[in-house]
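Content type compact mmCIF, C-alpha atoms, from the file input.txt:
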# COMPACT_ATOMS: atom_id res chain seq x y z
CA MET B 242 10.42 13.48 28.82
CA ALA B 243 7.92 11.22 27.05
CA ASP B 244 5.35 14.00 27.05
CA ALA B 245 7.83 16.42 25.50
CA LEU B 246 8.56 13.88 22.74
CA ILE B 247 4.85 13.42 22.06
CA VAL B 248 4.31 17.19 21.85
CA LEU B 249 7.32 17.55 19.51
CA ALA B 250 6.06 14.75 17.25
CA LEU B 251 2.54 16.21 17.21
CA LEU B 252 3.89 19.66 16.28
CA ALA B 253 5.98 18.14 13.48
CA VAL B 254 2.92 16.28 12.15
CA ALA B 255 0.83 19.46 12.24
CA GLY B 256 3.59 21.40 10.46
CA CYS B 257 4.07 18.80 7.72
CA ALA B 258 0.33 18.36 7.17
CA THR B 259 -0.16 22.13 6.86
CA SER B 260 2.65 22.48 4.34
CA ALA B 261 1.24 19.53 2.36
CA VAL B 262 -2.06 21.39 2.11
CA LEU B 263 -0.45 24.76 1.29
CA ASN B 264 1.77 23.34 -1.48
CA ARG B 265 -0.01 23.61 -4.82
CA ASP B 266 2.37 21.59 -7.00
CA PRO B 267 1.39 17.88 -6.91
CA THR B 268 5.01 16.69 -7.23
CA ARG B 269 6.08 18.73 -4.22
CA GLN B 270 2.94 17.64 -2.39
CA ALA B 271 3.95 14.01 -2.91
CA LEU B 272 7.38 14.69 -1.42
CA VAL B 273 5.90 16.55 1.56
CA LEU B 274 3.49 13.64 1.97
CA ALA B 275 6.46 11.27 2.21
CA VAL B 276 7.95 13.43 4.97
CA LEU B 277 4.54 13.54 6.68
CA GLY B 278 4.41 9.73 6.52
CA THR B 279 7.78 9.47 8.23
CA VAL B 280 6.86 11.99 10.93
CA LEU B 281 3.57 10.16 11.57
CA ALA B 282 5.53 6.91 11.90
CA VAL B 283 7.70 8.62 14.54
CA LEU B 284 4.56 9.83 16.36
CA PHE B 285 3.05 6.31 16.39
CA THR B 286 6.31 4.84 17.67
CA VAL B 287 6.51 7.46 20.43
CA LEU B 288 2.92 6.53 21.36
CA GLN B 289 4.06 2.87 21.64
CA ALA B 290 2.27 1.63 18.54
CA PRO B 291 5.19 0.29 16.47
CA ASP B 292 2.90 -1.94 14.37
CA VAL B 293 0.93 1.03 13.09
CA GLY B 294 4.17 2.99 12.75
CA LEU B 295 5.59 0.33 10.43
CA SER B 296 2.47 0.34 8.22
CA GLN B 297 2.56 4.13 8.12
CA LEU B 298 6.23 4.09 7.16
CA ALA B 299 5.68 1.56 4.36
CA VAL B 300 2.43 2.93 2.95
CA GLY B 301 2.50 6.62 3.85
CA SER B 302 6.11 7.46 3.08
CA ALA B 303 6.80 5.12 0.14
CA LEU B 304 3.73 3.73 -1.59
CA THR B 305 1.31 6.69 -1.64
CA PRO B 306 3.87 9.30 -2.83
CA LEU B 307 5.05 6.83 -5.49
CA LEU B 308 1.50 6.35 -6.80
CA ILE B 309 0.95 10.12 -6.85
CA MET B 310 4.24 10.71 -8.71
CA LEU B 311 3.36 8.06 -11.31
CA THR B 312 -0.09 9.59 -11.80
CA VAL B 313 1.40 13.07 -12.20
CA ARG B 314 3.87 11.72 -14.75
CA LYS B 315 1.08 10.11 -16.77
CA VAL B 316 -1.05 13.27 -16.73
CA ARG B 317 1.90 15.52 -17.68
CA ARG B 318 2.92 13.17 -20.48
CA ARG B 319 -0.62 13.24 -21.86
CA SER B 320 -0.91 17.00 -21.87
CA ALA B 321 2.67 17.60 -23.09
CA ALA B 322 2.78 14.98 -25.85
CA PRO B 323 0.68 16.63 -28.63
CA LYS B 324 3.15 19.51 -28.78
CA ASP B 325 6.56 17.90 -28.56
CA GLY B 326 6.03 14.17 -28.95
CA PRO B 327 6.39 11.33 -26.46
CA GLU B 328 9.43 11.29 -24.23
CA MET T 255 -26.46 23.57 -5.16
CA SER T 256 -25.22 27.09 -4.54
CA ARG T 257 -21.89 27.83 -2.91
CA ARG T 258 -23.59 29.13 0.19
CA ALA T 259 -25.77 26.06 0.65
CA ARG T 260 -22.77 23.78 0.22
CA LEU T 261 -20.86 25.73 2.86
CA TRP T 262 -23.74 25.38 5.29
CA LEU T 263 -23.96 21.65 4.57
CA VAL T 264 -20.24 21.21 5.30
CA LEU T 265 -20.55 23.25 8.51
CA LEU T 266 -23.57 21.21 9.63
CA GLY T 267 -21.90 17.86 8.89
CA GLY T 268 -18.59 18.98 10.37
CA SER T 269 -20.09 20.25 13.62
CA GLY T 270 -22.16 17.07 13.98
CA LEU T 271 -19.07 14.93 13.50
CA ALA T 272 -17.09 17.10 15.94
CA ALA T 273 -19.82 16.84 18.60
CA LEU T 274 -19.97 13.04 18.25
CA LEU T 275 -16.17 12.73 18.38
CA VAL T 276 -15.93 14.88 21.52
CA ALA T 277 -18.73 12.88 23.16
CA ALA T 278 -16.93 9.63 22.31
CA CYS T 279 -13.54 10.87 23.49
CA LEU T 280 -14.93 11.94 26.87
CA ARG T 281 -15.84 8.32 27.61
CA LEU T 282 -12.47 6.85 26.60
CA PRO T 283 -10.11 5.44 29.24
CA ALA T 284 -7.57 8.09 30.32
CA PHE T 285 -4.62 8.66 27.95
CA GLY T 286 -1.40 6.84 28.81
CA GLY T 287 -2.82 4.98 31.81
CA ALA T 288 -1.38 1.69 32.99
CA ARG T 289 -4.65 -0.22 32.62
CA HIS T 290 -6.98 -0.41 29.68
CA PRO T 291 -10.10 -2.63 29.64
CA TYR T 292 -9.69 -3.82 26.06
CA GLY T 293 -5.88 -3.98 26.15
CA ASP T 294 -5.82 -6.15 29.27
CA ARG T 295 -8.26 -8.64 27.80
CA ALA T 296 -6.48 -8.75 24.43
CA VAL T 297 -3.11 -9.41 26.09
CA ALA T 298 -4.57 -12.16 28.26
CA ALA T 299 -6.19 -13.83 25.23
CA ALA T 300 -2.94 -13.53 23.21
CA LEU T 301 -0.86 -15.10 25.98
CA ALA T 302 -3.40 -17.92 26.37
CA ARG T 303 -2.82 -18.79 22.68
CA ARG T 304 0.97 -18.37 23.10
CA THR T 305 1.19 -15.50 20.60
CA ALA T 306 3.99 -13.14 21.58
CA ASN T 307 2.80 -10.15 19.52
CA THR T 308 -0.63 -9.19 20.85
CA ILE T 309 -1.35 -7.13 17.73
CA ALA T 310 -0.85 -10.24 15.57
CA SER T 311 -3.15 -12.15 17.90
CA VAL T 312 -5.81 -9.45 17.53
CA ASN T 313 -5.41 -9.35 13.74
CA PHE T 314 -5.20 -13.03 12.95
CA ASP T 315 -6.93 -14.74 15.86
CA GLN T 316 -9.32 -12.62 17.91
CA ARG T 317 -10.41 -10.54 14.91
CA ALA T 318 -9.32 -12.72 12.02
CA PHE T 319 -12.69 -12.12 10.36
CA ASP T 320 -12.04 -8.34 10.26
CA THR T 321 -8.69 -9.02 8.64
CA MET T 322 -10.44 -11.09 5.99
CA GLY T 323 -12.57 -8.03 5.26
CA GLU T 324 -9.49 -5.82 4.97
CA MET T 325 -7.86 -8.32 2.66
CA SER T 326 -10.96 -8.37 0.45
CA ILE T 327 -10.95 -4.56 0.31
CA LEU T 328 -7.34 -4.55 -0.91
CA PHE T 329 -8.07 -7.37 -3.37
CA ALA T 330 -11.13 -5.57 -4.76
CA ALA T 331 -9.27 -2.25 -4.98
CA VAL T 332 -6.40 -3.80 -6.93
CA LEU T 333 -8.87 -5.63 -9.17
CA GLY T 334 -10.60 -2.31 -9.88
CA CYS T 335 -7.24 -0.70 -10.70
CA VAL T 336 -6.34 -3.53 -13.07
CA VAL T 337 -9.64 -3.10 -14.90
CA LEU T 338 -9.48 0.72 -15.03
CA LEU T 339 -5.82 0.98 -16.03
CA ARG T 340 -5.82 -1.74 -18.68
CA GLN T 341 -4.60 -0.96 -22.17
CA ALA T 342 -7.57 0.55 -24.02
CA ARG T 343 -8.33 0.07 -27.71
CA ASP T 344 -6.91 3.44 -28.74
CA GLU T 345 -3.69 2.92 -26.80
CA HIS T 346 -0.59 0.92 -27.51
CA ARG T 347 2.65 0.00 -25.78
CA ASP T 348 5.77 1.95 -26.58
CA PRO T 349 8.66 0.20 -24.81
CA PRO T 350 10.80 2.89 -23.15
CA ARG T 351 14.38 3.24 -24.28
CA PRO T 352 17.09 1.92 -21.94
CA ALA T 353 17.76 4.69 -19.46
CA GLU T 354 21.05 6.14 -18.32
CA VAL T 355 21.36 5.86 -14.54
CA ALA T 356 23.86 7.91 -12.53
CA ALA T 357 26.45 5.58 -10.99
CA PRO T 358 25.81 6.53 -7.30
CA VAL T 359 22.05 6.02 -7.76
CA ARG T 360 22.65 2.63 -9.36
CA ARG T 361 25.04 1.56 -6.61
CA TYR T 362 22.69 2.72 -3.85
CA ALA T 363 19.56 1.16 -5.34
CA LEU T 364 21.15 -2.18 -6.19
CA SER T 365 22.83 -2.52 -2.79
CA THR T 366 19.66 -1.51 -0.91
CA LEU T 367 17.38 -3.83 -2.89
CA PRO T 368 18.39 -7.16 -1.30
CA VAL T 369 18.53 -5.60 2.19
CA ALA T 370 15.04 -4.11 1.82
CA LEU T 371 13.65 -7.34 0.36
CA VAL T 372 15.04 -9.46 3.20
CA THR T 373 13.78 -6.89 5.75
CA GLY T 374 10.29 -7.18 4.26
CA LEU T 375 10.35 -10.97 4.34
CA TYR T 376 11.74 -10.90 7.90
CA VAL T 377 8.94 -8.58 9.04
CA ILE T 378 6.37 -10.95 7.49
CA ALA T 379 7.93 -14.08 8.99
CA HIS T 380 8.21 -12.60 12.51
CA GLY T 381 4.76 -11.00 12.51
CA GLN T 382 3.57 -13.23 15.36
CA LEU T 383 6.63 -12.37 17.51
CA SER T 384 7.62 -8.74 16.97
CA PRO T 385 6.01 -5.55 15.63
CA GLY T 386 5.08 -5.92 11.99
CA GLY T 387 3.41 -8.70 10.09
CA GLY T 388 1.94 -9.51 6.74
CA PHE T 389 0.62 -6.07 5.87
CA GLN T 390 3.75 -4.12 6.74
CA GLY T 391 6.29 -6.64 5.48
CA GLY T 392 4.30 -7.21 2.30
CA VAL T 393 4.41 -3.55 1.36
CA VAL T 394 8.14 -3.32 2.18
CA ALA T 395 9.01 -6.41 0.12
CA ALA T 396 6.90 -5.23 -2.83
CA THR T 397 8.31 -1.70 -2.91
CA ALA T 398 11.83 -3.13 -2.49
CA LEU T 399 11.51 -4.89 -5.86
CA HIS T 400 10.89 -1.52 -7.50
CA LEU T 401 14.38 -0.31 -6.54
CA MET T 402 15.27 -2.23 -9.69
CA TYR T 403 13.53 0.52 -11.66
CA LEU T 404 15.66 3.16 -9.92
CA GLY T 405 18.88 1.20 -10.18
CA ALA T 406 18.55 -0.14 -13.71
CA ASP T 407 15.55 0.60 -15.93
CA TYR T 408 12.02 -0.44 -16.71
CA ALA T 409 12.97 -3.43 -18.84
CA ALA T 410 15.10 -4.82 -15.99
CA LEU T 411 12.21 -4.38 -13.56
CA GLU T 412 9.85 -6.22 -15.90
CA ARG T 413 12.32 -9.11 -16.10
CA VAL T 414 12.37 -9.62 -12.31
CA ARG T 415 8.64 -9.04 -12.02
CA PRO T 416 6.41 -11.15 -14.28
CA VAL T 417 3.06 -9.52 -13.49
CA GLU T 418 0.94 -12.54 -14.45
CA ALA T 419 2.69 -14.70 -11.86
CA TYR T 420 2.01 -12.07 -9.18
CA GLU T 421 -1.65 -11.83 -10.20
CA ILE T 422 -2.04 -15.59 -9.80
CA ALA T 423 -0.14 -15.58 -6.49
CA ASP T 424 -2.37 -12.74 -5.25
CA ALA T 425 -5.52 -14.76 -5.91
CA LEU T 426 -3.97 -17.94 -4.49
CA SER T 427 -2.94 -16.31 -1.22
CA ALA T 428 -6.36 -14.66 -0.80
CA ALA T 429 -7.86 -18.10 -1.35
CA ALA T 430 -5.42 -19.63 1.14
CA TYR T 431 -6.77 -17.33 3.88
CA LEU T 432 -10.34 -18.49 3.15
CA VAL T 433 -9.30 -22.15 2.99
CA LEU T 434 -7.59 -21.84 6.40
CA GLY T 435 -10.83 -20.33 7.71
CA PHE T 436 -12.95 -23.15 6.31
CA ALA T 437 -10.49 -25.72 7.67
CA GLY T 438 -11.69 -24.61 11.11
CA VAL T 439 -15.29 -25.33 10.08
CA LEU T 440 -14.36 -28.77 8.75
CA ALA T 441 -12.46 -29.54 11.97
CA GLY T 442 -15.71 -29.00 13.82
CA THR T 443 -15.18 -25.59 15.45
CA ALA T 444 -15.88 -22.30 13.67
CA PHE T 445 -14.76 -20.22 10.68
CA LEU T 446 -11.22 -18.91 11.32
CA ALA T 447 -11.18 -20.31 14.87
CA ASN T 448 -7.65 -20.85 16.13
CA THR T 449 -8.09 -24.40 17.41
CA LEU T 450 -6.76 -26.26 14.40
CA LEU T 451 -3.04 -26.51 15.10
CA PRO T 452 -0.94 -27.13 18.21
CA LEU T 453 -0.06 -23.80 19.85
CA GLY T 454 3.67 -24.54 20.04
CA THR T 455 6.28 -22.97 22.31
CA PHE T 456 5.76 -19.32 23.27
CA ASN T 457 7.96 -16.83 21.38
CA THR T 458 9.15 -19.20 18.65
CA LEU T 459 8.44 -18.87 14.93
CA SER T 460 5.90 -21.69 14.91
CA SER T 461 3.94 -20.56 17.99
CA GLY T 462 0.37 -19.32 17.99
CA GLY T 463 -1.53 -22.01 16.07
CA THR T 464 -2.93 -20.67 12.80
CA VAL T 465 -1.63 -17.12 13.41
CA PRO T 466 1.68 -17.58 11.51
CA LEU T 467 -0.12 -19.24 8.57
CA LEU T 468 -2.79 -16.54 8.25
CA ASN T 469 -0.05 -13.93 8.66
CA ALA T 470 1.99 -15.51 5.86
CA ALA T 471 -1.08 -15.64 3.59
CA ILE T 472 -1.71 -11.94 4.22
CA GLY T 473 1.95 -11.13 3.63
CA MET T 474 1.92 -12.85 0.26
CA GLU T 475 -1.43 -11.31 -0.67
CA VAL T 476 -0.32 -7.76 0.19
CA ALA T 477 3.08 -8.11 -1.50
CA CYS T 478 1.53 -9.44 -4.72
CA ALA T 479 -1.31 -6.89 -4.64
CA VAL T 480 1.12 -3.98 -4.27
CA VAL T 481 3.34 -5.33 -7.07
CA VAL T 482 0.33 -5.67 -9.40
CA LEU T 483 -0.96 -2.22 -8.42
CA LEU T 484 2.41 -0.53 -9.03
CA ALA T 485 2.83 -2.48 -12.28
CA ARG T 486 -0.43 -1.03 -13.63
CA PHE T 487 0.52 2.49 -12.59
CA LEU T 488 4.02 2.10 -14.05
CA ASP T 489 2.61 0.70 -17.30
CA GLN T 490 0.43 3.77 -17.64
CA ALA T 491 3.17 6.20 -16.65
CA VAL T 492 5.99 4.72 -18.72
CA GLU T 493 4.79 2.43 -21.46
CA ILE T 494 1.21 2.93 -22.61
CA VAL T 495 0.71 5.73 -25.16
CA GLU T 496 -2.50 6.97 -26.71
CA GLU T 497 -2.77 6.72 -30.46
CA ASN T 498 -3.56 10.38 -31.18
CA VAL T 499 -0.59 11.35 -29.02
CA ARG T 500 1.64 9.11 -31.08
CA GLU T 501 0.36 10.42 -34.42
CA ASN T 502 1.16 13.98 -33.55
CA GLY T 503 4.51 12.92 -32.18
CA LYS T 504 7.84 12.64 -33.93
CA ASN T 505 7.95 8.95 -34.81
CA GLY T 506 4.80 8.28 -36.77
CA ASP T 507 5.35 4.67 -37.82
CA ASN T 508 2.94 2.42 -36.03
CA GLY T 509 3.35 -1.14 -37.11
CA THR T 510 2.26 -3.91 -34.79
CA ASN T 511 -0.53 -2.48 -32.75
CA GLY T 512 -3.54 -3.62 -34.73
CA MET T 513 -4.96 -0.19 -35.36
CA ASP T 514 -7.37 -0.22 -38.22
CA GLY T 515 -5.87 2.78 -39.92
CA LYS T 516 -8.75 5.19 -39.68
CA ASN T 517 -7.16 8.36 -38.51
CA GLY T 518 -10.44 10.16 -38.20
CA GLU T 519 -11.42 7.84 -35.39
CA ASN T 520 -9.08 9.48 -32.91
CA GLY T 521 -10.07 13.06 -32.73
CA GLU T 522 -8.51 15.83 -30.72
CA ASN T 523 -9.62 14.35 -27.44
CA GLY T 524 -9.50 10.60 -27.90
CA GLU T 525 -11.67 9.48 -25.00
Here is a file; write its structure as structure tokens.
Amino acid sequence: MADALIVLALLAVAGCATSAVLNRDPTRQALVLAVLGTVLAVLFTVLQAPDVGLSQLAVGSALTPLLIMLTVRKVRRRSAAPKDGPE
Amino acid sequence: MSRRARLWLVLLGGSGLAALLVAACLRLPAFGGARHPYGDRAVAAALARRTANTIASVNFDQRAFDTMGEMSILFAAVLGCVVLLRQARDEHRDPPRPAEVAAPVRRYALSTLPVALVTGLYVIAHGQLSPGGGFQGGVVAATALHLMYLGADYAALERVRPVEAYEIADALSAAAYLVLGFAGVLAGTAFLANTLLPLGTFNTLSSGGTVPLLNAAIGMEVACAVVVLLARFLDQAVEIVEENVRENGKNGDNGTNGMDGKNGENGENGE
């Protein structure tokens, strides 16, 4: 039972990580990264490492995607502004 | 370097790393076994110091010096971000207009905010007893504050989050960790040695000697560091505008930003 859970979690991590790499749009990548963070947290919890799981949940699924989204917004605003003004 | 040579370099480095990893993994204790040489010793040491969460004991007692290094890395990284993302001479602040927030989003964000904040503080406070601790709880508490941005708008977030206060608190809590370490030296033992305080009753909030104090210092440091980090990113993403962007934009009146009026200074690509 535990082994099946570990295999399932590992497969989900591999799937999410692959789709994060295959996505070319940074905004979508950030969202997939958030899902990947959550799935990794599940994997760590299944492997009986709830401490690491909590850090992964906080940093990987909230903080990192947020920083990426903010960066994307800044870059888009910079390249869009000369044509149609600041938002 | 040509494309081919780079590919070979990557292959060489990658295969070397893979070989070393495989060699290391072959000598590891078996996966999922009941006994583990390091785990057994860490648990025994944690129980001897009456710390219920062995991970907290490893982080803040047995390897408290490593944690100091991690804290310094975060501190230095945030410092670097503050320096890099500061308002440059050819930029100015353009306060964003009050935003319209959909009612369900506002309700969700404002009702989740206090719950998330208390969860973060709980995870920090119980770091020595249950999974979690300063690092995890600090990030949760800091990101919880930013639900204010989702639920209301940027101006509301800035009102509940005076960045200067968080910068000072960040430095103070990093200093508190060092001071607790040096207190051990002054008491005649060693830097960060956990012999300073009574160990208390096992599995209570005040158990574990200096572990809860170091944990609290880290929690405060991480929370403040994340708030400052996000504040710099948000400033750049929402508020700070480059001058040449503004000039080509719709509202061309720039009044208070101390620009010296030479338009030729900001060319097509201002940096």
Within 6 Å of stretch 284-295 of chain B, counting all atoms listed in the file, which residues qualify if same-chain residues fewer than 6 places away don't, as a PyMOL selection string? (chain B and resi 250) or (chain T and resi 385-386)
Could you check which of B:Thr305, B:Ser296, B:Asn264, B:Ser320 is closest to chain T, using all atoms listed in the file?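 Among B:Thr305, B:Ser296, B:Asn264, B:Ser320, it is B:Ser296 that comes nearest to chain T.
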For T:Val394: contacts at 9 Å, all atoms listed in the file, fewer than 2 positions along chain excluded, given as a count of residues only: 18
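Across B:Val273, B:Leu311, B:Ala321, B:Leu252, the tightest approach to chain T is made by B:Leu311 when counting all atoms listed in the file.
Atom to atom, atom CA of T:Asp348 and atom CA of T:Glu493 stand 5.2 Å apart.
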If you measure from atom CA of T:Gly388 to atom CA of T:Thr321, what distance in Å do you get, rounded to one decimal? 10.8 Å
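Take the candidates T:Phe445, T:Leu339, T:Arg260, T:Ala428 and check each one against B:Thr312 using all atoms listed in the file; the shortest distance goes to T:Leu339.
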So that I can see what lies close to T:Asp407, please list as a PyMOL selection string the residues with an atom at most 9 Å from it, counting all atoms listed in the file and leaving out residues fewer than 2 positions away in the same chain. chain T and resi 350-355+402-405+409-412
Give the centre and edge lengths of an axis-aligned box, in Å to one decimal, that holds all listed atoms of stretch 440-455 of chain T with 8 Å on each side, as JSON.
{"center_x": -4.8, "center_y": -24.2, "center_z": 15.5, "size_x": 38.2, "size_y": 26.6, "size_z": 29.6}
When distances are computed from only C-alpha atoms, which of T:Val465, T:Ile309, T:Ala419, T:Leu338 shows the smallest separation from chain B?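 Nearest candidate to chain B out of T:Val465, T:Ile309, T:Ala419, T:Leu338: T:Ile309.
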Interatomic distance, atom CA of T:Ala470 to atom CA of T:Ala310 (Å, one decimal):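 We find that atom CA of T:Ala470 and atom CA of T:Ala310 lie 11.4 Å from each other.
Distances to B:Ile247 were evaluated for T:Ala479, T:Asn307, T:Gly286, T:Ala444 using only C-alpha atoms, and the minimum falls at T:Gly286.
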May I ask which of the residues T:Pro466, T:Pro358, T:Gly334, T:Pro349 is the closest one to T:Ile378, counting all atoms listed in the file? T:Pro466
Residues at most 10 Å from T:Phe487, counting all atoms listed in the file, excluding those fewer than 4 positions away in the same chain, as a compact mmCIF listing (two decimals) with C-alpha atoms, in the frame of the given file?
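What ended up in part-v2.txt:
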# COMPACT_ATOMS: atom_id res chain seq x y z
CA LEU B 307 5.05 6.83 -5.49
CA LEU B 308 1.50 6.35 -6.80
CA ILE B 309 0.95 10.12 -6.85
CA MET B 310 4.24 10.71 -8.71
CA LEU B 311 3.36 8.06 -11.31
CA THR B 312 -0.09 9.59 -11.80
CA LYS B 315 1.08 10.11 -16.77
CA CYS T 335 -7.24 -0.70 -10.70
CA VAL T 336 -6.34 -3.53 -13.07
CA LEU T 339 -5.82 0.98 -16.03
CA ARG T 340 -5.82 -1.74 -18.68
CA VAL T 481 3.34 -5.33 -7.07
CA VAL T 482 0.33 -5.67 -9.40
CA LEU T 483 -0.96 -2.22 -8.42
CA ALA T 491 3.17 6.20 -16.65
CA VAL T 492 5.99 4.72 -18.72
CA GLU T 493 4.79 2.43 -21.46
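The residues that lie within 9 Å of the point (-2.7, -12.1, 18.8), counting all atoms listed in the file, are Ala296, Val297, Ala299, Ala300, Leu301, Arg303, Arg304, Thr305, Ala306, Asn307, Thr308, Ile309, Ala310, Ser311, Val312, Asn313, Phe314, Asp315, Gln316, Arg317, Gln382, Gly462 and Val465 of chain T.
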